[in-house]
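Novice: work_29.cif (mmCIF, C-alpha atoms) pasted underneath:
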data_final
#
loop_
_atom_site.label_atom_id
_atom_site.label_comp_id
_atom_site.auth_asym_id
_atom_site.auth_seq_id
_atom_site.Cartn_x
_atom_site.Cartn_y
_atom_site.Cartn_z
CA MET E 157 -7.09 -13.89 14.45
CA SER E 158 -3.37 -14.38 14.44
CA CYS E 159 -1.42 -11.68 12.69
CA THR E 160 2.29 -12.08 12.17
CA ILE E 161 4.86 -9.71 10.82
CA GLU E 162 5.59 -12.14 8.00
CA LYS E 163 1.93 -12.13 6.97
CA ILE E 164 1.82 -8.35 7.04
CA LEU E 165 5.00 -8.16 4.98
CA THR E 166 3.61 -10.70 2.51
CA ASP E 167 0.39 -8.70 2.23
CA ALA E 168 2.40 -5.52 1.76
CA LYS E 169 4.45 -7.17 -1.01
CA THR E 170 1.25 -8.35 -2.71
CA LEU E 171 -0.20 -4.86 -2.52
CA LEU E 172 3.02 -3.42 -3.89
CA GLU E 173 2.93 -5.84 -6.82
CA ARG E 174 -0.68 -4.89 -7.53
CA LEU E 175 0.19 -1.21 -7.36
CA ARG E 176 3.01 -1.77 -9.83
CA GLU E 177 0.65 -3.59 -12.18
CA HIS E 178 -1.85 -0.75 -11.91
CA ASP E 179 0.91 1.76 -12.52
CA ALA E 180 1.97 -0.12 -15.65
CA ALA E 181 -1.65 -0.27 -16.85
CA ALA E 182 -2.07 3.44 -16.21
CA GLU E 183 1.11 4.23 -18.13
CA SER E 184 -0.14 2.10 -21.00
CA LEU E 185 -3.40 4.05 -21.02
CA VAL E 186 -1.51 7.33 -20.96
CA ASP E 187 0.55 6.16 -23.94
CA GLN E 188 -2.59 5.10 -25.79
CA SER E 189 -4.31 8.39 -25.09
CA ALA E 190 -1.22 10.30 -26.21
CA ALA E 191 -1.19 8.32 -29.47
CA LEU E 192 -4.88 9.04 -29.94
CA HIS E 193 -4.31 12.71 -29.19
CA ARG E 194 -1.52 12.86 -31.79
CA ARG E 195 -3.77 11.13 -34.29
CA VAL E 196 -6.59 13.60 -33.68
CA ALA E 197 -4.17 16.51 -33.92
CA ALA E 198 -2.82 15.17 -37.22
CA MET E 199 -6.35 14.84 -38.54
CA ARG E 200 -7.13 18.42 -37.53
CA GLU E 201 -3.97 19.71 -39.16
CA ALA E 202 -4.72 17.89 -42.37
CA GLY E 203 -8.13 19.50 -42.44
CA ALA E 204 -9.85 16.14 -42.33
CA ALA E 205 -13.56 15.86 -41.80
CA LEU E 206 -15.10 13.90 -38.95
CA PRO E 207 -13.77 10.33 -38.65
CA ASP E 208 -17.25 8.95 -39.36
CA GLN E 209 -17.23 10.35 -42.88
CA GLN E 210 -13.76 9.50 -44.16
CA TYR E 211 -12.62 6.60 -42.01
CA PRO E 212 -15.62 4.49 -40.99
CA GLU E 213 -13.50 1.50 -39.89
CA ASP E 214 -11.49 3.75 -37.53
CA ALA E 215 -14.68 5.27 -36.15
CA ALA E 216 -16.07 1.81 -35.38
CA GLU E 217 -12.80 0.90 -33.67
CA LEU E 218 -12.94 4.04 -31.52
CA LYS E 219 -16.57 3.37 -30.57
CA ASP E 220 -15.68 -0.20 -29.52
CA ALA E 221 -12.76 1.03 -27.43
CA SER E 222 -14.90 3.66 -25.71
CA LYS E 223 -17.27 0.97 -24.39
CA TYR E 224 -14.72 -0.30 -21.90
CA LYS E 225 -14.03 3.02 -20.18
CA PRO E 226 -10.75 2.06 -18.52
CA HIS E 227 -10.95 4.98 -16.12
CA ILE E 228 -14.05 3.39 -14.54
CA LEU E 229 -12.20 0.10 -14.14
CA LEU E 230 -9.21 1.92 -12.65
CA SER E 231 -11.40 3.86 -10.23
CA GLN E 232 -13.03 0.61 -9.04
CA GLU E 233 -9.62 -0.98 -8.52
CA ASN E 234 -8.44 2.22 -6.83
CA THR E 235 -11.34 1.92 -4.39
CA GLN E 236 -10.39 -1.68 -3.66
CA ILE E 237 -6.77 -0.68 -3.17
CA ARG E 238 -7.77 2.08 -0.77
CA GLU E 239 -9.92 -0.36 1.19
CA LEU E 240 -7.01 -2.80 1.40
CA GLN E 241 -4.69 -0.01 2.46
CA GLN E 242 -7.12 1.02 5.19
CA GLU E 243 -7.39 -2.57 6.35
CA ASN E 244 -3.60 -2.82 6.31
CA ARG E 245 -3.33 0.33 8.46
CA GLU E 246 -5.88 -1.07 10.88
CA LEU E 247 -3.97 -4.35 11.07
CA TRP E 248 -0.74 -2.47 11.74
CA ILE E 249 -2.37 -0.52 14.54
CA SER E 250 -3.86 -3.71 15.97
CA LEU E 251 -0.50 -5.46 15.74
CA GLU E 252 1.24 -2.61 17.54
CA GLU E 253 -1.43 -2.62 20.26
CA HIS E 254 -1.10 -6.38 20.69
CA GLN E 255 2.66 -6.14 20.85
CA ASP E 256 2.44 -3.41 23.48
CA ALA E 257 -0.06 -5.41 25.51
CA LEU E 258 2.02 -8.56 25.21
CA GLU E 259 5.15 -6.69 26.23
CA LEU E 260 3.34 -5.26 29.26
CA ILE E 261 2.05 -8.71 30.25
CA MET E 262 5.46 -10.30 29.77
CA SER E 263 7.14 -7.52 31.71
CA LYS E 264 4.78 -8.05 34.65
CA TYR E 265 5.22 -11.80 34.38
CA ARG E 266 8.99 -11.46 34.44
CA LYS E 267 8.83 -9.17 37.47
CA GLN E 268 6.57 -11.61 39.31
CA MET E 269 8.79 -14.54 38.41
CA LEU E 270 11.81 -12.59 39.60
CA GLN E 271 10.08 -11.83 42.90
CA LEU E 272 9.09 -15.48 43.22
CA MET E 273 12.67 -16.59 42.61
CA ILE E 274 13.96 -14.13 45.19
CA ALA E 275 11.36 -15.30 47.70
CA LYS E 276 12.21 -18.99 47.17
CA LYS E 277 15.91 -18.60 47.11
CA ALA E 278 18.08 -15.99 48.60
CA VAL E 279 20.19 -15.98 45.46
CA ASP E 280 21.80 -13.01 43.89
CA ALA E 281 19.27 -11.91 41.24
CA GLU E 282 21.60 -9.51 39.48
CA PRO E 283 22.34 -11.82 36.49
CA VAL E 284 18.63 -12.40 35.95
CA LEU E 285 17.97 -8.68 36.21
CA LYS E 286 20.69 -7.94 33.67
CA ALA E 287 19.30 -10.57 31.33
CA HIS E 288 15.84 -9.07 31.74
CA GLN E 289 17.17 -5.59 31.01
CA SER E 290 19.11 -6.72 27.96
CA HIS E 291 16.06 -8.62 26.72
CA SER E 292 13.87 -5.57 27.27
CA LEU E 293 16.32 -3.39 25.34
CA GLU E 294 16.39 -5.91 22.52
CA ILE E 295 12.60 -6.00 22.37
CA GLU E 296 12.45 -2.20 22.38
CA SER E 297 14.89 -2.03 19.50
CA GLN E 298 12.83 -4.60 17.58
CA ILE E 299 9.66 -2.61 18.24
CA ASP E 300 11.42 0.52 16.99
CA ARG E 301 12.50 -1.31 13.83
CA ILE E 302 8.96 -2.56 13.25
CA CYS E 303 7.60 0.97 13.70
CA GLU E 304 10.20 2.33 11.28
CA MET E 305 9.29 -0.36 8.73
CA GLY E 306 5.62 0.51 9.14
CA GLU E 307 6.37 4.20 8.61
CA VAL E 308 8.38 3.42 5.48
CA MET E 309 5.51 1.31 4.18
CA ARG E 310 3.02 4.09 4.94
CA LYS E 311 5.20 6.60 3.08
CA ALA E 312 5.55 4.21 0.12
CA VAL E 313 1.79 3.78 -0.05
CA GLN E 314 1.30 7.56 0.15
CA VAL E 315 3.82 8.16 -2.63
CA ASP E 316 2.13 5.52 -4.77
CA ASP E 317 -1.30 7.04 -4.08
CA ASP E 318 0.03 10.47 -5.07
CA GLN E 319 1.50 9.06 -8.28
CA PHE E 320 -1.76 7.28 -9.07
CA CYS E 321 -3.73 10.49 -8.53
CA LYS E 322 -1.37 12.37 -10.85
CA VAL E 323 -1.88 9.74 -13.55
CA GLN E 324 -5.64 9.92 -13.04
CA GLU E 325 -5.55 13.71 -13.36
CA LYS E 326 -3.45 13.48 -16.50
CA LEU E 327 -5.87 10.94 -18.01
CA ALA E 328 -8.84 13.14 -17.17
CA GLN E 329 -7.06 16.14 -18.68
CA LEU E 330 -6.26 14.19 -21.85
CA GLU E 331 -9.82 12.92 -22.12
CA TYR E 332 -11.10 16.47 -21.69
CA GLU E 333 -8.74 17.76 -24.37
CA VAL E 334 -9.79 15.07 -26.82
#
For the file at hand, write its structure as structure tokens.
Specialist:
Amino acid sequence: MSCTIEKILTDAKTLLERLREHDAAAESLVDQSAALHRRVAAMREAGAALPDQQYPEDAAELKDASKYKPHILLSQENTQIRELQQENRELWISLEEHQDALELIMSKYRKQMLQLMIAKKAVDAEPVLKAHQSHSLEIESQIDRICEMGEVMRKAVQVDDDQFCKVQEKLAQLEYEV
């Protein structure tokens, strides 16, 4: 299975878009629950009886809305997101291992080629050695950048997970209060 940085970045962008959509849906649910909470509080303050007795059309509406249980849908999507995040982490680790292995193989290959060139020709190998060193430094800097990008992505996912958990806790608290 070929795994490129572009594919990983594309997958990360897709996950980020999904997380944003879920965040927007969660905020919408929080707004709806806040409106419902205000409505219930207003009914309590007015000394109203149960909604079934005075407002049968509202009661039917509330019963229909309770069928969907958005928190169950969100928890299922949250599980899928966590699975995708775990797969993404595994792919990152695999990518880093492959890059390290490839770098080791290429380093040995370059050394062998350098030795072969020296054996065939008694030519000054210093320019080739300098090119190899500069190339190695460039690759190391690119690996460092990739690792930094991966760390930033991991932190972003963690922050988003924390935010999602806070929203879930708030929803649960609001449901409990209602």
Novice: For this structure, which residues satisfy the selection - the PyMOL selection byres ((chain E and resi 240-247) around 9) - when it is evaluated on the file as given? I want them as a VMD selection string.
Specialist: chain E and resid 159 164 167 to 168 171 235 to 239 248 to 252 306 310 313
Novice: Which of these, E:Val284, E:Val315, E:Asp256, E:Ser184, has the shortest distance to Met269 (chain E) once you count all atoms listed in the file?
Specialist: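 The closest residue to Met269 (chain E) is E:Val284.
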Novice: What does the distance from CA of Glu253 (chain E) to CA of His288 (chain E) come to in Å, to one decimal?
Specialist: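 The value is 21.7 Å.
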Novice: Which is closer to Val323 (chain E) than all the others in E:Leu230, E:Ala197, E:Ala182, E:Ile161, using only C-alpha atoms?
Specialist: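 Closest to Val323 (chain E) of all the choices is E:Ala182.
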Novice: So which residues touch Leu330 (chain E) within 12 Å, counting all atoms listed in the file, skipping near sequence neighbours fewer than 6 positions away, as a list in words?
Specialist: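 Here the answer would be Leu185, Val186, Asp187, Gln188, Ser189, Ala190, Ala191, Leu192, His193, Arg194, Val196, His227, Val323 and Gln324 of chain E.
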Novice: Which is closest to Glu296 (chain E) among E:Gln271, E:Gln329, E:Ser231, E:Ser263, if we use only C-alpha atoms?
Specialist: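 Ranked by minimum distance to Glu296 (chain E), first place goes to E:Ser263.
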Novice: Rounded to one decimal in Å, what is the spacing between CA of Ile261 (chain E) and CA of Ile299 (chain E)?
Specialist: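 Interatomic distance, CA of Ile261 (chain E) to CA of Ile299 (chain E): 15.5 Å.
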Novice: Hey, which of E:Leu272, E:Leu172, E:Leu165, E:Ala202 ends up closest to Asp316 (chain E)? Count all atoms listed in the file.
Specialist: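 Using all atoms listed in the file, the shortest distance to Asp316 (chain E) belongs to E:Leu172.
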Novice: Which of these residues is nearest to Gln298 (chain E), using all atoms listed in the file: E:Lys326, E:Glu183, E:Glu259, E:Leu270?
Specialist: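 The shortest atom-to-atom distance to Gln298 (chain E) comes from E:Glu259.
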Novice: To one decimal place in Å, what is the distance between CA of Arg174 (chain E) and CA of Glu325 (chain E)?
Specialist: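 Between these atoms lies a distance of 20.1 Å.
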Novice: Where atoms are absent from region 164-178 of chain E, fill them in so it carries N, CA, C and O atoms, then output it as a PDB file, in the coordinates of the input.
Specialist:
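Wrote result.pdb, looks like this:
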ATOM      1  N   ILE E 164       1.992  -9.767   7.395  1.00  0.00           N
ATOM      2  CA  ILE E 164       1.820  -8.350   7.040  1.00  0.00           C
ATOM      3  C   ILE E 164       2.785  -7.985   5.924  1.00  0.00           C
ATOM      4  O   ILE E 164       2.413  -7.306   4.958  1.00  0.00           O
ATOM      5  N   LEU E 165       4.024  -8.456   6.034  1.00  0.00           N
ATOM      6  CA  LEU E 165       5.000  -8.160   4.980  1.00  0.00           C
ATOM      7  C   LEU E 165       4.593  -8.806   3.663  1.00  0.00           C
ATOM      8  O   LEU E 165       4.727  -8.205   2.591  1.00  0.00           O
ATOM      9  N   THR E 166       4.078 -10.031   3.728  1.00  0.00           N
ATOM     10  CA  THR E 166       3.610 -10.700   2.510  1.00  0.00           C
ATOM     11  C   THR E 166       2.451  -9.931   1.888  1.00  0.00           C
ATOM     12  O   THR E 166       2.426  -9.717   0.679  1.00  0.00           O
ATOM     13  N   ASP E 167       1.509  -9.491   2.745  1.00  0.00           N
ATOM     14  CA  ASP E 167       0.390  -8.700   2.230  1.00  0.00           C
ATOM     15  C   ASP E 167       0.884  -7.389   1.626  1.00  0.00           C
ATOM     16  O   ASP E 167       0.390  -6.950   0.590  1.00  0.00           O
ATOM     17  N   ALA E 168       1.851  -6.775   2.277  1.00  0.00           N
ATOM     18  CA  ALA E 168       2.400  -5.520   1.760  1.00  0.00           C
ATOM     19  C   ALA E 168       3.074  -5.747   0.408  1.00  0.00           C
ATOM     20  O   ALA E 168       2.928  -4.937  -0.521  1.00  0.00           O
ATOM     21  N   LYS E 169       3.808  -6.858   0.279  1.00  0.00           N
ATOM     22  CA  LYS E 169       4.450  -7.170  -1.010  1.00  0.00           C
ATOM     23  C   LYS E 169       3.403  -7.399  -2.090  1.00  0.00           C
ATOM     24  O   LYS E 169       3.558  -6.940  -3.223  1.00  0.00           O
ATOM     25  N   THR E 170       2.333  -8.101  -1.744  1.00  0.00           N
ATOM     26  CA  THR E 170       1.250  -8.350  -2.710  1.00  0.00           C
ATOM     27  C   THR E 170       0.623  -7.040  -3.142  1.00  0.00           C
ATOM     28  O   THR E 170       0.392  -6.812  -4.335  1.00  0.00           O
ATOM     29  N   LEU E 171       0.364  -6.166  -2.173  1.00  0.00           N
ATOM     30  CA  LEU E 171      -0.200  -4.860  -2.520  1.00  0.00           C
ATOM     31  C   LEU E 171       0.754  -4.060  -3.391  1.00  0.00           C
ATOM     32  O   LEU E 171       0.323  -3.393  -4.344  1.00  0.00           O
ATOM     33  N   LEU E 172       2.040  -4.141  -3.091  1.00  0.00           N
ATOM     34  CA  LEU E 172       3.020  -3.420  -3.890  1.00  0.00           C
ATOM     35  C   LEU E 172       3.048  -3.940  -5.316  1.00  0.00           C
ATOM     36  O   LEU E 172       3.107  -3.154  -6.269  1.00  0.00           O
ATOM     37  N   GLU E 173       2.958  -5.265  -5.471  1.00  0.00           N
ATOM     38  CA  GLU E 173       2.930  -5.840  -6.820  1.00  0.00           C
ATOM     39  C   GLU E 173       1.691  -5.378  -7.574  1.00  0.00           C
ATOM     40  O   GLU E 173       1.765  -5.025  -8.750  1.00  0.00           O
ATOM     41  N   ARG E 174       0.549  -5.359  -6.888  1.00  0.00           N
ATOM     42  CA  ARG E 174      -0.680  -4.890  -7.530  1.00  0.00           C
ATOM     43  C   ARG E 174      -0.550  -3.424  -7.934  1.00  0.00           C
ATOM     44  O   ARG E 174      -0.990  -3.035  -9.018  1.00  0.00           O
ATOM     45  N   LEU E 175       0.015  -2.629  -7.047  1.00  0.00           N
ATOM     46  CA  LEU E 175       0.190  -1.210  -7.360  1.00  0.00           C
ATOM     47  C   LEU E 175       1.104  -1.031  -8.575  1.00  0.00           C
ATOM     48  O   LEU E 175       0.856  -0.171  -9.430  1.00  0.00           O
ATOM     49  N   ARG E 176       2.130  -1.855  -8.665  1.00  0.00           N
ATOM     50  CA  ARG E 176       3.010  -1.770  -9.830  1.00  0.00           C
ATOM     51  C   ARG E 176       2.264  -2.149 -11.105  1.00  0.00           C
ATOM     52  O   ARG E 176       2.437  -1.519 -12.150  1.00  0.00           O
ATOM     53  N   GLU E 177       1.434  -3.187 -11.014  1.00  0.00           N
ATOM     54  CA  GLU E 177       0.650  -3.590 -12.180  1.00  0.00           C
ATOM     55  C   GLU E 177      -0.305  -2.474 -12.589  1.00  0.00           C
ATOM     56  O   GLU E 177      -0.448  -2.175 -13.779  1.00  0.00           O
ATOM     57  N   HIS E 178      -0.940  -1.855 -11.604  1.00  0.00           N
ATOM     58  CA  HIS E 178      -1.850  -0.750 -11.910  1.00  0.00           C
ATOM     59  C   HIS E 178      -1.092   0.432 -12.500  1.00  0.00           C
ATOM     60  O   HIS E 178      -1.591   1.115 -13.404  1.00  0.00           O
TER      61      HIS E 178
END
